[in-house]
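Coordinates as given in data-v6.cif (mmCIF, N, CA and C atoms):
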data_structure
#
loop_
_atom_site.label_atom_id
_atom_site.label_comp_id
_atom_site.auth_asym_id
_atom_site.auth_seq_id
_atom_site.Cartn_x
_atom_site.Cartn_y
_atom_site.Cartn_z
N MET A 23 -130.46 -14.87 -43.82
CA MET A 23 -130.64 -13.75 -42.93
C MET A 23 -129.72 -13.92 -41.73
N LYS A 24 -128.97 -12.89 -41.45
CA LYS A 24 -127.98 -12.96 -40.39
C LYS A 24 -128.32 -11.98 -39.28
N LEU A 25 -128.01 -12.37 -38.07
CA LEU A 25 -128.25 -11.52 -36.91
C LEU A 25 -127.46 -10.22 -37.01
N THR A 26 -126.25 -10.29 -37.57
CA THR A 26 -125.44 -9.07 -37.68
C THR A 26 -126.12 -8.03 -38.57
N GLU A 27 -126.80 -8.47 -39.63
CA GLU A 27 -127.53 -7.54 -40.49
C GLU A 27 -128.60 -6.81 -39.69
N PHE A 28 -129.33 -7.54 -38.86
CA PHE A 28 -130.40 -6.94 -38.08
C PHE A 28 -129.84 -5.96 -37.06
N LEU A 29 -128.72 -6.32 -36.44
CA LEU A 29 -128.10 -5.42 -35.45
C LEU A 29 -127.54 -4.17 -36.13
N LEU A 30 -126.99 -4.33 -37.33
CA LEU A 30 -126.49 -3.16 -38.07
C LEU A 30 -127.64 -2.27 -38.51
N ALA A 31 -128.77 -2.85 -38.89
CA ALA A 31 -129.94 -2.06 -39.25
C ALA A 31 -130.43 -1.28 -38.04
N PHE A 32 -130.45 -1.94 -36.89
CA PHE A 32 -130.82 -1.25 -35.65
C PHE A 32 -129.86 -0.10 -35.39
N GLY A 33 -128.56 -0.37 -35.50
CA GLY A 33 -127.55 0.66 -35.25
C GLY A 33 -127.66 1.83 -36.22
N GLY A 34 -127.92 1.53 -37.46
CA GLY A 34 -128.07 2.60 -38.46
C GLY A 34 -129.24 3.50 -38.15
N SER A 35 -130.35 2.91 -37.77
CA SER A 35 -131.53 3.71 -37.44
C SER A 35 -131.36 4.43 -36.11
N PHE A 36 -130.71 3.76 -35.17
CA PHE A 36 -130.44 4.38 -33.87
C PHE A 36 -129.58 5.62 -34.06
N CYS A 37 -128.51 5.50 -34.85
CA CYS A 37 -127.62 6.65 -35.10
C CYS A 37 -128.33 7.75 -35.89
N ALA A 38 -129.18 7.37 -36.81
CA ALA A 38 -129.98 8.38 -37.52
C ALA A 38 -130.89 9.11 -36.54
N GLY A 39 -131.43 8.37 -35.57
CA GLY A 39 -132.25 9.00 -34.53
C GLY A 39 -131.44 9.99 -33.71
N LEU A 40 -130.18 9.66 -33.44
CA LEU A 40 -129.31 10.61 -32.73
C LEU A 40 -129.12 11.88 -33.55
N LEU A 41 -128.92 11.71 -34.86
CA LEU A 41 -128.76 12.88 -35.73
C LEU A 41 -130.00 13.77 -35.72
N PHE A 42 -131.17 13.17 -35.61
CA PHE A 42 -132.42 13.93 -35.59
C PHE A 42 -132.83 14.33 -34.18
N ASN A 43 -131.94 14.14 -33.22
CA ASN A 43 -132.14 14.60 -31.85
C ASN A 43 -133.33 13.93 -31.16
N ILE A 44 -133.54 12.66 -31.44
CA ILE A 44 -134.58 11.90 -30.75
C ILE A 44 -134.03 11.55 -29.37
N LYS A 45 -134.86 11.70 -28.37
CA LYS A 45 -134.40 11.54 -26.98
C LYS A 45 -135.01 10.31 -26.31
N GLY A 46 -134.30 9.83 -25.30
CA GLY A 46 -134.81 8.81 -24.40
C GLY A 46 -135.15 7.49 -25.05
N SER A 47 -136.21 6.87 -24.54
CA SER A 47 -136.59 5.54 -25.02
C SER A 47 -137.08 5.56 -26.46
N LYS A 48 -137.46 6.73 -26.94
CA LYS A 48 -137.91 6.83 -28.34
C LYS A 48 -136.77 6.47 -29.30
N LEU A 49 -135.55 6.69 -28.85
CA LEU A 49 -134.38 6.34 -29.66
C LEU A 49 -134.29 4.83 -29.85
N LEU A 50 -134.58 4.08 -28.82
CA LEU A 50 -134.62 2.62 -28.91
C LEU A 50 -135.68 2.18 -29.91
N TRP A 51 -136.86 2.80 -29.85
CA TRP A 51 -137.94 2.43 -30.76
C TRP A 51 -137.63 2.82 -32.19
N ALA A 52 -136.91 3.92 -32.37
CA ALA A 52 -136.49 4.32 -33.73
C ALA A 52 -135.53 3.27 -34.30
N GLY A 53 -134.63 2.77 -33.46
CA GLY A 53 -133.72 1.71 -33.90
C GLY A 53 -134.46 0.43 -34.25
N LEU A 54 -135.45 0.10 -33.43
CA LEU A 54 -136.24 -1.10 -33.71
C LEU A 54 -137.07 -0.96 -34.98
N SER A 55 -137.44 0.26 -35.31
CA SER A 55 -138.16 0.51 -36.55
C SER A 55 -137.31 0.10 -37.75
N GLY A 56 -136.04 0.52 -37.74
CA GLY A 56 -135.14 0.14 -38.83
C GLY A 56 -134.89 -1.36 -38.88
N MET A 57 -134.81 -1.97 -37.70
CA MET A 57 -134.61 -3.42 -37.64
C MET A 57 -135.83 -4.15 -38.20
N ALA A 58 -137.02 -3.68 -37.86
CA ALA A 58 -138.25 -4.31 -38.37
C ALA A 58 -138.31 -4.22 -39.90
N GLY A 59 -137.95 -3.06 -40.42
CA GLY A 59 -137.94 -2.90 -41.87
C GLY A 59 -136.93 -3.80 -42.55
N TRP A 60 -135.75 -3.94 -41.93
CA TRP A 60 -134.72 -4.79 -42.52
C TRP A 60 -135.09 -6.27 -42.44
N ILE A 61 -135.72 -6.67 -41.36
CA ILE A 61 -136.16 -8.06 -41.24
C ILE A 61 -137.15 -8.39 -42.35
N ALA A 62 -138.12 -7.49 -42.58
CA ALA A 62 -139.09 -7.71 -43.65
C ALA A 62 -138.40 -7.74 -45.01
N TYR A 63 -137.49 -6.79 -45.24
CA TYR A 63 -136.74 -6.74 -46.49
C TYR A 63 -135.95 -8.03 -46.71
N ALA A 64 -135.20 -8.45 -45.69
CA ALA A 64 -134.34 -9.63 -45.82
C ALA A 64 -135.17 -10.89 -46.07
N PHE A 65 -136.30 -11.00 -45.39
CA PHE A 65 -137.15 -12.17 -45.59
C PHE A 65 -137.65 -12.25 -47.03
N VAL A 66 -138.14 -11.12 -47.53
CA VAL A 66 -138.71 -11.13 -48.89
C VAL A 66 -137.63 -11.29 -49.94
N VAL A 67 -136.49 -10.61 -49.78
CA VAL A 67 -135.44 -10.73 -50.80
C VAL A 67 -134.86 -12.15 -50.81
N THR A 68 -134.83 -12.81 -49.65
CA THR A 68 -134.33 -14.18 -49.60
C THR A 68 -135.27 -15.13 -50.34
N HIS A 69 -136.56 -14.90 -50.23
CA HIS A 69 -137.52 -15.81 -50.82
C HIS A 69 -137.93 -15.47 -52.26
N THR A 70 -137.78 -14.19 -52.65
CA THR A 70 -138.19 -13.82 -54.01
C THR A 70 -137.03 -13.36 -54.87
N GLY A 71 -136.01 -12.77 -54.25
CA GLY A 71 -134.89 -12.24 -55.01
C GLY A 71 -135.20 -10.93 -55.71
N GLN A 72 -136.36 -10.34 -55.46
CA GLN A 72 -136.77 -9.13 -56.15
C GLN A 72 -136.51 -7.91 -55.27
N LEU A 73 -135.66 -7.02 -55.74
CA LEU A 73 -135.25 -5.86 -54.96
C LEU A 73 -136.40 -4.90 -54.71
N PHE A 74 -137.12 -4.51 -55.75
CA PHE A 74 -138.18 -3.52 -55.61
C PHE A 74 -139.24 -3.97 -54.61
N PHE A 75 -139.73 -5.17 -54.77
CA PHE A 75 -140.77 -5.67 -53.87
C PHE A 75 -140.25 -5.82 -52.44
N SER A 76 -139.00 -6.19 -52.30
CA SER A 76 -138.39 -6.34 -50.97
C SER A 76 -138.28 -5.01 -50.26
N VAL A 77 -137.83 -3.99 -50.96
CA VAL A 77 -137.72 -2.65 -50.37
C VAL A 77 -139.12 -2.12 -50.02
N PHE A 78 -140.07 -2.35 -50.91
CA PHE A 78 -141.45 -1.94 -50.66
C PHE A 78 -142.01 -2.61 -49.39
N THR A 79 -141.75 -3.90 -49.24
CA THR A 79 -142.20 -4.62 -48.05
C THR A 79 -141.53 -4.09 -46.80
N GLY A 80 -140.23 -3.81 -46.88
CA GLY A 80 -139.52 -3.23 -45.75
C GLY A 80 -140.08 -1.87 -45.37
N ALA A 81 -140.41 -1.06 -46.36
CA ALA A 81 -140.99 0.26 -46.09
C ALA A 81 -142.38 0.13 -45.45
N ILE A 82 -143.15 -0.85 -45.88
CA ILE A 82 -144.45 -1.08 -45.26
C ILE A 82 -144.27 -1.48 -43.80
N ALA A 83 -143.29 -2.34 -43.53
CA ALA A 83 -143.03 -2.75 -42.15
C ALA A 83 -142.63 -1.55 -41.29
N VAL A 84 -141.77 -0.68 -41.82
CA VAL A 84 -141.38 0.53 -41.10
C VAL A 84 -142.59 1.43 -40.88
N GLY A 85 -143.42 1.56 -41.89
CA GLY A 85 -144.61 2.40 -41.78
C GLY A 85 -145.58 1.91 -40.73
N VAL A 86 -145.85 0.61 -40.74
CA VAL A 86 -146.78 0.03 -39.75
C VAL A 86 -146.19 0.18 -38.35
N PHE A 87 -144.93 -0.17 -38.19
CA PHE A 87 -144.27 -0.05 -36.89
C PHE A 87 -144.33 1.40 -36.40
N SER A 88 -144.05 2.35 -37.29
CA SER A 88 -144.02 3.76 -36.92
C SER A 88 -145.40 4.27 -36.52
N GLU A 89 -146.40 3.89 -37.26
CA GLU A 89 -147.76 4.34 -36.95
C GLU A 89 -148.26 3.76 -35.63
N VAL A 90 -147.95 2.50 -35.40
CA VAL A 90 -148.37 1.86 -34.14
C VAL A 90 -147.65 2.50 -32.96
N MET A 91 -146.33 2.67 -33.08
CA MET A 91 -145.57 3.26 -31.97
C MET A 91 -145.93 4.72 -31.76
N ALA A 92 -146.28 5.43 -32.82
CA ALA A 92 -146.69 6.82 -32.68
C ALA A 92 -147.95 6.92 -31.82
N ARG A 93 -148.87 5.98 -31.99
CA ARG A 93 -150.09 6.00 -31.18
C ARG A 93 -149.84 5.54 -29.75
N ILE A 94 -148.95 4.58 -29.59
CA ILE A 94 -148.65 4.08 -28.24
C ILE A 94 -147.87 5.12 -27.44
N LEU A 95 -146.84 5.71 -28.06
CA LEU A 95 -145.96 6.64 -27.35
C LEU A 95 -146.37 8.10 -27.49
N LYS A 96 -147.47 8.35 -28.20
CA LYS A 96 -147.99 9.70 -28.38
C LYS A 96 -146.94 10.65 -28.97
N ASN A 97 -146.40 10.25 -30.10
CA ASN A 97 -145.42 11.03 -30.85
C ASN A 97 -145.79 11.00 -32.32
N PRO A 98 -145.25 11.92 -33.11
CA PRO A 98 -145.48 11.83 -34.56
C PRO A 98 -144.84 10.56 -35.13
N ALA A 99 -145.46 10.00 -36.13
CA ALA A 99 -144.93 8.78 -36.74
C ALA A 99 -143.57 9.01 -37.40
N THR A 100 -143.30 10.24 -37.82
CA THR A 100 -142.02 10.52 -38.47
C THR A 100 -140.83 10.34 -37.53
N VAL A 101 -141.06 10.41 -36.22
CA VAL A 101 -139.99 10.17 -35.25
C VAL A 101 -139.43 8.76 -35.43
N PHE A 102 -140.27 7.83 -35.85
CA PHE A 102 -139.85 6.44 -36.01
C PHE A 102 -139.64 6.06 -37.48
N SER A 103 -140.38 6.68 -38.39
CA SER A 103 -140.28 6.27 -39.79
C SER A 103 -139.04 6.82 -40.50
N ILE A 104 -138.67 8.06 -40.21
CA ILE A 104 -137.51 8.63 -40.90
C ILE A 104 -136.22 7.87 -40.55
N PRO A 105 -135.92 7.67 -39.26
CA PRO A 105 -134.72 6.85 -38.98
C PRO A 105 -134.89 5.40 -39.44
N GLY A 106 -136.13 4.92 -39.44
CA GLY A 106 -136.39 3.53 -39.80
C GLY A 106 -136.10 3.19 -41.25
N ILE A 107 -136.20 4.17 -42.13
CA ILE A 107 -135.96 3.88 -43.55
C ILE A 107 -134.48 3.95 -43.93
N PHE A 108 -133.64 4.46 -43.04
CA PHE A 108 -132.21 4.59 -43.37
C PHE A 108 -131.58 3.29 -43.86
N PRO A 109 -131.81 2.14 -43.22
CA PRO A 109 -131.19 0.92 -43.74
C PRO A 109 -131.67 0.51 -45.13
N LEU A 110 -132.84 0.98 -45.54
CA LEU A 110 -133.40 0.60 -46.84
C LEU A 110 -132.97 1.51 -47.97
N VAL A 111 -132.43 2.68 -47.64
CA VAL A 111 -132.07 3.67 -48.66
C VAL A 111 -131.00 3.08 -49.59
N PRO A 112 -131.19 3.20 -50.90
CA PRO A 112 -130.27 2.57 -51.87
C PRO A 112 -128.99 3.38 -52.09
N GLY A 113 -128.20 3.55 -51.06
CA GLY A 113 -126.98 4.36 -51.15
C GLY A 113 -125.92 3.75 -52.05
N ILE A 114 -125.73 2.44 -51.96
CA ILE A 114 -124.71 1.79 -52.78
C ILE A 114 -125.08 1.87 -54.26
N ALA A 115 -126.35 1.69 -54.56
CA ALA A 115 -126.79 1.77 -55.96
C ALA A 115 -126.59 3.19 -56.50
N ALA A 116 -126.84 4.20 -55.69
CA ALA A 116 -126.62 5.58 -56.12
C ALA A 116 -125.13 5.85 -56.34
N TYR A 117 -124.32 5.34 -55.44
CA TYR A 117 -122.86 5.48 -55.58
C TYR A 117 -122.38 4.81 -56.87
N GLU A 118 -122.87 3.60 -57.13
CA GLU A 118 -122.45 2.89 -58.33
C GLU A 118 -122.93 3.61 -59.59
N THR A 119 -124.10 4.24 -59.53
CA THR A 119 -124.59 5.02 -60.68
C THR A 119 -123.59 6.11 -61.03
N ILE A 120 -123.17 6.86 -60.02
CA ILE A 120 -122.20 7.95 -60.26
C ILE A 120 -120.86 7.39 -60.74
N GLN A 121 -120.45 6.28 -60.15
CA GLN A 121 -119.18 5.67 -60.54
C GLN A 121 -119.22 5.25 -62.02
N TYR A 122 -120.32 4.65 -62.44
CA TYR A 122 -120.46 4.25 -63.85
C TYR A 122 -120.50 5.47 -64.77
N LEU A 123 -121.17 6.52 -64.33
CA LEU A 123 -121.21 7.74 -65.15
C LEU A 123 -119.82 8.33 -65.32
N LEU A 124 -119.05 8.37 -64.26
CA LEU A 124 -117.70 8.94 -64.33
C LEU A 124 -116.75 8.10 -65.17
N SER A 125 -117.00 6.80 -65.22
CA SER A 125 -116.13 5.94 -66.03
C SER A 125 -116.71 5.72 -67.44
N ASP A 126 -117.71 6.53 -67.79
CA ASP A 126 -118.31 6.53 -69.13
C ASP A 126 -118.92 5.18 -69.51
N ARG A 127 -119.49 4.50 -68.53
CA ARG A 127 -120.20 3.24 -68.78
C ARG A 127 -121.69 3.55 -68.64
N LEU A 128 -122.24 4.15 -69.69
CA LEU A 128 -123.57 4.73 -69.63
C LEU A 128 -124.69 3.69 -69.52
N GLN A 129 -124.52 2.55 -70.12
CA GLN A 129 -125.56 1.52 -70.03
C GLN A 129 -125.71 1.02 -68.60
N GLU A 130 -124.58 0.73 -67.95
CA GLU A 130 -124.62 0.29 -66.55
C GLU A 130 -125.14 1.40 -65.65
N ALA A 131 -124.75 2.65 -65.95
CA ALA A 131 -125.21 3.80 -65.17
C ALA A 131 -126.73 3.94 -65.26
N GLY A 132 -127.26 3.78 -66.46
CA GLY A 132 -128.71 3.86 -66.63
C GLY A 132 -129.43 2.77 -65.88
N SER A 133 -128.89 1.57 -65.92
CA SER A 133 -129.50 0.44 -65.23
C SER A 133 -129.50 0.67 -63.71
N LYS A 134 -128.36 1.12 -63.18
CA LYS A 134 -128.26 1.37 -61.73
C LYS A 134 -129.14 2.55 -61.32
N MET A 135 -129.26 3.54 -62.19
CA MET A 135 -130.09 4.70 -61.87
C MET A 135 -131.56 4.29 -61.77
N VAL A 136 -132.00 3.45 -62.67
CA VAL A 136 -133.37 2.95 -62.61
C VAL A 136 -133.59 2.15 -61.33
N GLU A 137 -132.62 1.31 -60.99
CA GLU A 137 -132.70 0.53 -59.75
C GLU A 137 -132.77 1.44 -58.52
N THR A 138 -131.94 2.48 -58.51
CA THR A 138 -131.92 3.43 -57.39
C THR A 138 -133.25 4.16 -57.27
N LEU A 139 -133.75 4.67 -58.38
CA LEU A 139 -135.02 5.41 -58.35
C LEU A 139 -136.19 4.51 -58.00
N ALA A 140 -136.16 3.27 -58.47
CA ALA A 140 -137.23 2.33 -58.13
C ALA A 140 -137.24 2.03 -56.64
N ALA A 141 -136.07 1.83 -56.06
CA ALA A 141 -135.99 1.56 -54.62
C ALA A 141 -136.44 2.77 -53.82
N ALA A 142 -136.01 3.96 -54.21
CA ALA A 142 -136.44 5.17 -53.52
C ALA A 142 -137.94 5.37 -53.63
N GLY A 143 -138.49 5.11 -54.81
CA GLY A 143 -139.93 5.20 -55.00
C GLY A 143 -140.69 4.17 -54.18
N ALA A 144 -140.13 2.98 -54.06
CA ALA A 144 -140.76 1.93 -53.26
C ALA A 144 -140.82 2.32 -51.79
N ILE A 145 -139.76 2.96 -51.31
CA ILE A 145 -139.75 3.42 -49.91
C ILE A 145 -140.82 4.48 -49.72
N ALA A 146 -140.84 5.45 -50.60
CA ALA A 146 -141.82 6.54 -50.48
C ALA A 146 -143.24 6.02 -50.58
N PHE A 147 -143.49 5.14 -51.54
CA PHE A 147 -144.85 4.62 -51.71
C PHE A 147 -145.27 3.74 -50.55
N GLY A 148 -144.36 2.94 -50.00
CA GLY A 148 -144.69 2.07 -48.87
C GLY A 148 -145.09 2.88 -47.65
N ILE A 149 -144.30 3.90 -47.32
CA ILE A 149 -144.62 4.76 -46.17
C ILE A 149 -145.92 5.51 -46.42
N LEU A 150 -146.07 6.06 -47.62
CA LEU A 150 -147.28 6.81 -47.97
C LEU A 150 -148.53 5.95 -47.87
N LEU A 151 -148.46 4.74 -48.37
CA LEU A 151 -149.59 3.83 -48.35
C LEU A 151 -150.03 3.51 -46.92
N VAL A 152 -149.08 3.18 -46.07
CA VAL A 152 -149.41 2.85 -44.69
C VAL A 152 -149.98 4.06 -43.96
N THR A 153 -149.37 5.22 -44.15
CA THR A 153 -149.86 6.45 -43.50
C THR A 153 -151.28 6.76 -43.93
N ALA A 154 -151.55 6.65 -45.22
CA ALA A 154 -152.89 6.92 -45.73
C ALA A 154 -153.92 5.93 -45.17
N LEU A 155 -153.54 4.66 -45.11
CA LEU A 155 -154.47 3.65 -44.58
C LEU A 155 -154.75 3.87 -43.09
N PHE A 156 -153.72 4.23 -42.33
CA PHE A 156 -153.93 4.50 -40.90
C PHE A 156 -154.80 5.73 -40.71
N LYS A 157 -154.57 6.78 -41.49
CA LYS A 157 -155.40 7.99 -41.37
C LYS A 157 -156.84 7.67 -41.74
N LEU A 158 -157.03 6.90 -42.77
CA LEU A 158 -158.37 6.52 -43.19
C LEU A 158 -159.06 5.67 -42.12
N ALA A 159 -158.35 4.72 -41.57
CA ALA A 159 -158.94 3.83 -40.55
C ALA A 159 -159.28 4.60 -39.28
N PHE A 160 -158.41 5.48 -38.85
CA PHE A 160 -158.68 6.19 -37.61
C PHE A 160 -159.65 7.35 -37.78
N SER A 161 -159.76 7.92 -38.96
CA SER A 161 -160.74 8.99 -39.17
C SER A 161 -162.16 8.40 -39.21
N LYS A 162 -162.31 7.19 -39.70
CA LYS A 162 -163.63 6.53 -39.73
C LYS A 162 -164.07 6.16 -38.34
N LYS A 163 -163.12 5.73 -37.47
CA LYS A 163 -163.48 5.35 -36.11
C LYS A 163 -163.94 6.55 -35.30
N GLN A 164 -163.31 7.70 -35.51
CA GLN A 164 -163.63 8.89 -34.75
C GLN A 164 -164.89 9.57 -35.23
N ALA A 165 -165.31 9.32 -36.45
CA ALA A 165 -166.49 9.99 -37.01
C ALA A 165 -167.79 9.39 -36.55
#
Mind turning the file's structure into structure tokens?
Amino acid sequence: MKLTEFLLAFGGSFCAGLLFNIKGSKLLWAGLSGMAGWIAYAFVVTHTGQLFFSVFTGAIAVGVFSEVMARILKNPATVFSIPGIFPLVPGIAAYETIQYLLSDRLQEAGSKMVETLAAAGAIAFGILLVTALFKLAFSKKQA
């Protein structure tokens, strides 16, 4: 795990926050959301070598960070979760899928496509799981 990776994850999420017109200190927290997700991803991939589980763990970290900051800063969780998942998005795998398809290497294309869809599904499921658990926990407290 390298510090430059964490800083680049922060920068990627920070810039995504700029694209989504996030203002003020919330932009810093959006960047930290991406960094938190990448730290979790890097830790798990270093110790297990499993891409799907690593991306899922990173998405859970982004989800937890986003839900906590949403309650602290009184903003929707999506302000922090959408920019936070940018470093985890499997862009290179999607690019390689298309590249293999264009060069008529269908077996490699199929393999990369499955990897891409699994990573995207892991991100979606991780965020969904955390959001559902937070809603369940806070609806029980208020009732």
Please provide the set of residues having any atom within 9 Å of Ala31 in chain A, restricted to only C-alpha atoms, with same-chain residues fewer than 4 positions apart removed, written as a PyMOL selection string. chain A and resi 26-27+35-36+53-54+56-61+106+108-110
Quick check, in Å to one decimal: how far apart do CA of Thr119 in chain A and CA of Ala131 in chain A lie?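 Atom-to-atom, CA of Thr119 in chain A and CA of Ala131 in chain A are spaced 4.7 Å apart.
Proximity ranking of A:Gln129, A:Leu139, A:Pro105, A:Phe65 relative to Leu40 in chain A places A:Pro105 first, based on only N, CA and C atoms.
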So, with only C-alpha atoms as the atoms that count, which of A:Trp51, A:Phe32, A:Phe74, A:Phe42 lies closest to Pro112 in chain A?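 Closest to Pro112 in chain A, using only C-alpha atoms: A:Phe74.
Taking atom C of Glu137 in chain A and atom C of Gly39 in chain A as the two end points, the separation is 26.3 Å.
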Please return the centre and edge lengths, in Å to one decimal, of a box with edges along x, y and z that contains all listed atoms of range 51-65 of chain A, widened by 5 Å on every side, as AutoDock Vina command-line options.
--center_x -136.4 --center_y -4.0 --center_z -38.4 --size_x 15.4 --size_y 26.6 --size_z 27.2
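Comparing A:Ser76, A:Ser55, A:Ser47, A:Ser161 by their smallest distance to Ile104 in chain A, the closest is A:Ser55 (using only C-alpha atoms).
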Rank A:Val84, A:Ile44, A:Leu123, A:Ala115 by their smallest atom-to-atom distance to Ala146 in chain A, using only C-alpha atoms, and report the top residue only.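 Ranked by minimum distance to Ala146 in chain A, first place goes to A:Val84.
With all atoms listed in the file as the atoms that count, the minimum distance from Phe102 in chain A to the choices A:Lys157, A:Arg127, A:Lys48, A:His69 is reached by A:Lys48.
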Calculated over all atoms listed in the file, which of the candidates A:Ala92, A:Ala116, A:Ala81, A:Ala159 has the smallest distance to Ala144 in chain A? A:Ala81
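Interatomic distance, CA of Ala154 in chain A against atom N of Val86 in chain A: 10.7 Å.
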DSSP on the backbone: which residues in chain A end up as alpha helix (DSSP H)? Give the answer as number ranges by chain. A: 25-41, 47-70, 73-95, 100-107, 113-124, 128-164
What do you get, as a list in words, if you spell out every residue that the PyMOL selection byres (((chain A and resi 99 and name CA) around 9) and name CA) selects here?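 Here the PyMOL selection byres (((chain A and resi 99 and name CA) around 9) and name CA) matches Gly85, Phe87, Ser88, Glu89, Val90, Met91, Ala92, Arg93, Lys96, Asn97, Pro98, Thr100, Val101, Phe102, Ser103, Ile104 and Thr153 of chain A.
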